[in-house]
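Input: a single structure, listed below in structure tokens.
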Amino acid sequence: MARDNIYENMPMTEAAPQPKGNPPETLVPWQHRARGIVTPVLLLLGLALATSLLAVTLLCVQLLDEAQAGVRMLKAQLGDVLTKLSRGWRFYGGNLYYFSQERKSWDEAERFCVSQDSHLTSVSSQAEQEFLSNETQGEAHWIGLTDRETEGSWRWVDGTEYRADASSVFWMENEPNDYDPDRGGGEDCVCTEPRFRNMWNDVKCFRPFRWICKQIHA
């Protein structure tokens, strides 16, 4: 009986509870630093992406606006071309030309052309000269060449560069000569001369002639 009760008075020791699940993760110092860096880097990348998307969107909107403006301008130009063609203007080489039936001085003719968004015509090539000659129907016409500002320094009123070497073949023989400058001023304006294959002649600007307007489109 004594042997059966040997453990009766011994204190009972309760076993330590075992943790459930995975043991807690222990981070070393460099891992703490890595986590602190990754978050702001991701934020910066997100911000950069959003900024890029915004820039692309704004660029697309700008391009669309420019395209729409270009379409509106083309429609306006086409409407202007069709209107002028319906009023007797001629289309050649990408430009529009008006051949008058009435006669005016050089200055009056230029004012008319300007009122039509054009100028007295310039001539840039042999082909253009031939086109103008064919359309003038044997009548002298003002063109937009003058040396009124400086004698002998010719210029086109529409801003086209005057090239003396290339234009020399269009002048009549012994022209320009600024004939009789003491009577009514010099000959500072140019017209085509039908008696001489519509070559150019400098004459006094107040004389009344038909004229040619040119609206540049090309």
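Identifiers in this document derive from the order of the structure tokens: chains are assigned A, B, ..., residues are numbered from 1 separately in each chain, and ligands are numbered from 1 in order of occurrence.
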
Neighbour list for region 197-208 of chain A as a ChimeraX atom specification, cut-off 10 Å, only C-alpha atoms, skip fewer than 4 positions in-chain: /A:102-109,129-130,132-134,136-143,145-148,167-181,183-193

Leaving out region 150-160 of chain A and any residue of its chain fewer than 6 positions from it, which residues lie within 6 Å of it when counting only C-alpha atoms, given as a count of residues only? 3

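Between Val123 (chain A) and the candidates A:Ala166, A:Val81, A:Leu58, A:Leu45, the tightest atom-to-atom separation, counting only C-alpha atoms, involves A:Ala166.
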
Calculate how many Å separate CA of Asn95 (chain A) from CA of Lys214 (chain A), rounding to one decimal.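 Value for the CA of Asn95 (chain A)-CA of Lys214 (chain A) distance: 6.9 Å.
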